[in-house]
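A.B. asks: After the structure tokens below, expect a handful of questions from me.
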Amino acid sequence: MTIFIIAQAPEPYIVITGFEATIIFFFIILYILRLDRTMKWLFWPLLDIINSMVTTLFMIIVSLLALIKENTTLIIIGGVFGFVTALCCIADGLLVYRKLLFHPSGPYQKSNVQEEKEVL
């Protein structure tokens, strides 16, 4: 986003990357403050995976548009960084999915209430 601002790229590039950065910052703050454990009515890993998919889609579109027009060197660098961001978002989504699939332990594990009563 910073590179697009410095390069004076078209506004959609700046707005979309800023929007995605804000959402990612929201998730980071949410996990740091442990609000995901407070609001148990949402399944946060699923929202994280959906966010990764949406971010990947938007960043690929913005990066392709930035690289197709080839206005300045900074916009091209911004497009390349957009692709790197998209790859990181794909990796994030796959890692969260893999963790949920193979290791569902932790605060997100669904447990049966009757099993807990029998143990007590």
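Scheme for the structure tokens: letters A, B, ... for chains in order shown; per-chain residue numbers from 1; ligand numbers from 1 in order shown.
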Which residues, written as number ranges by chain, have at least one atom at most 9 Å from region 90-101 of chain A, with only C-alpha atoms counted and residues fewer than 4 positions away on the same chain left out?

C.D. replies: A: 45-46, 48-53, 55-56, 85-86, 105, 108-109

A.B. asks: Please identify which residues in region 3-76 of chain A DSSP calls helix (DSSP H, G or I) from the backbone, and express them as number ranges by chain.

C.D. replies: A: 3-6, 11-32, 35-38, 44-69, 73-76

A.B. asks: Compile the contact shell of region 7-23 of chain A as a ChimeraX atom specification: residues with an atom at most 7 Å away, counting only C-alpha atoms, same-chain residues fewer than 6 positions apart removed.

C.D. replies: /A:1,55,62,74-75

A.B. asks: Mind dumping the selected residues with all heavy atoms as a PDB file, in the first residue's frame?

C.D. replies:
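Okay, result30.pdb is ready:
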```pdb
ATOM      1  N   MET A   1       0.833  -1.181   0.000  1.00  0.00           N
ATOM      2  CA  MET A   1       0.000   0.000   0.000  1.00  0.00           C
ATOM      3  C   MET A   1       0.876   1.241   0.000  1.00  0.00           C
ATOM      4  O   MET A   1       0.588   2.207  -0.711  1.00  0.00           O
ATOM      5  CB  MET A   1      -0.915   0.003   1.231  1.00  0.00           C
ATOM      6  CG  MET A   1      -1.867   1.162   1.256  1.00  0.00           C
ATOM      7  SD  MET A   1      -3.030   1.084   2.602  1.00  0.00           S
ATOM      8  CE  MET A   1      -2.361   2.300   3.662  1.00  0.00           C
ATOM      9  N   THR A  55      -8.705 -12.035   0.647  1.00  0.00           N
ATOM     10  CA  THR A  55      -7.504 -11.213   0.483  1.00  0.00           C
ATOM     11  C   THR A  55      -6.692 -11.684  -0.710  1.00  0.00           C
ATOM     12  O   THR A  55      -6.184 -10.864  -1.486  1.00  0.00           O
ATOM     13  CB  THR A  55      -6.649 -11.257   1.763  1.00  0.00           C
ATOM     14  OG1 THR A  55      -7.424 -10.773   2.855  1.00  0.00           O
ATOM     15  CG2 THR A  55      -5.405 -10.409   1.623  1.00  0.00           C
ATOM     16  N   VAL A  62      -5.570  -6.864  -7.974  1.00  0.00           N
ATOM     17  CA  VAL A  62      -4.851  -5.590  -7.937  1.00  0.00           C
ATOM     18  C   VAL A  62      -3.453  -5.745  -8.531  1.00  0.00           C
ATOM     19  O   VAL A  62      -2.982  -4.884  -9.290  1.00  0.00           O
ATOM     20  CB  VAL A  62      -4.784  -5.042  -6.488  1.00  0.00           C
ATOM     21  CG1 VAL A  62      -3.807  -3.903  -6.379  1.00  0.00           C
ATOM     22  CG2 VAL A  62      -6.156  -4.586  -6.043  1.00  0.00           C
ATOM     23  N   LEU A  74       7.686   1.878  -9.556  1.00  0.00           N
ATOM     24  CA  LEU A  74       7.117   1.667  -8.230  1.00  0.00           C
ATOM     25  C   LEU A  74       5.795   0.909  -8.278  1.00  0.00           C
ATOM     26  O   LEU A  74       5.514   0.082  -7.400  1.00  0.00           O
ATOM     27  CB  LEU A  74       6.929   3.007  -7.510  1.00  0.00           C
ATOM     28  CG  LEU A  74       8.205   3.686  -7.024  1.00  0.00           C
ATOM     29  CD1 LEU A  74       7.899   5.058  -6.455  1.00  0.00           C
ATOM     30  CD2 LEU A  74       8.900   2.819  -5.993  1.00  0.00           C
ATOM     31  N   ILE A  75       4.989   1.159  -9.287  1.00  0.00           N
ATOM     32  CA  ILE A  75       3.731   0.424  -9.409  1.00  0.00           C
ATOM     33  C   ILE A  75       4.013  -1.038  -9.734  1.00  0.00           C
ATOM     34  O   ILE A  75       3.335  -1.947  -9.223  1.00  0.00           O
ATOM     35  CB  ILE A  75       2.813   1.070 -10.464  1.00  0.00           C
ATOM     36  CG1 ILE A  75       2.354   2.441  -9.969  1.00  0.00           C
ATOM     37  CG2 ILE A  75       1.603   0.201 -10.759  1.00  0.00           C
ATOM     38  CD1 ILE A  75       1.489   3.207 -10.936  1.00  0.00           C
TER      39      ILE A  75
END
```

A.B. asks: Would you list the contacts of region 77-81 of chain A as a VMD selection string, taking every protein, DNA or RNA residue within 6 Å and counting only C-alpha atoms, but skipping same-chain residues closer than 3 positions in sequence?

C.D. replies: chain A and resid 3 63 66 to 67 74 84

A.B. asks: Would you mind reading off the distance between CA of Gly82 (chain A) and CA of Leu64 (chain A), one decimal, in Å?

C.D. replies: 8.8 Å
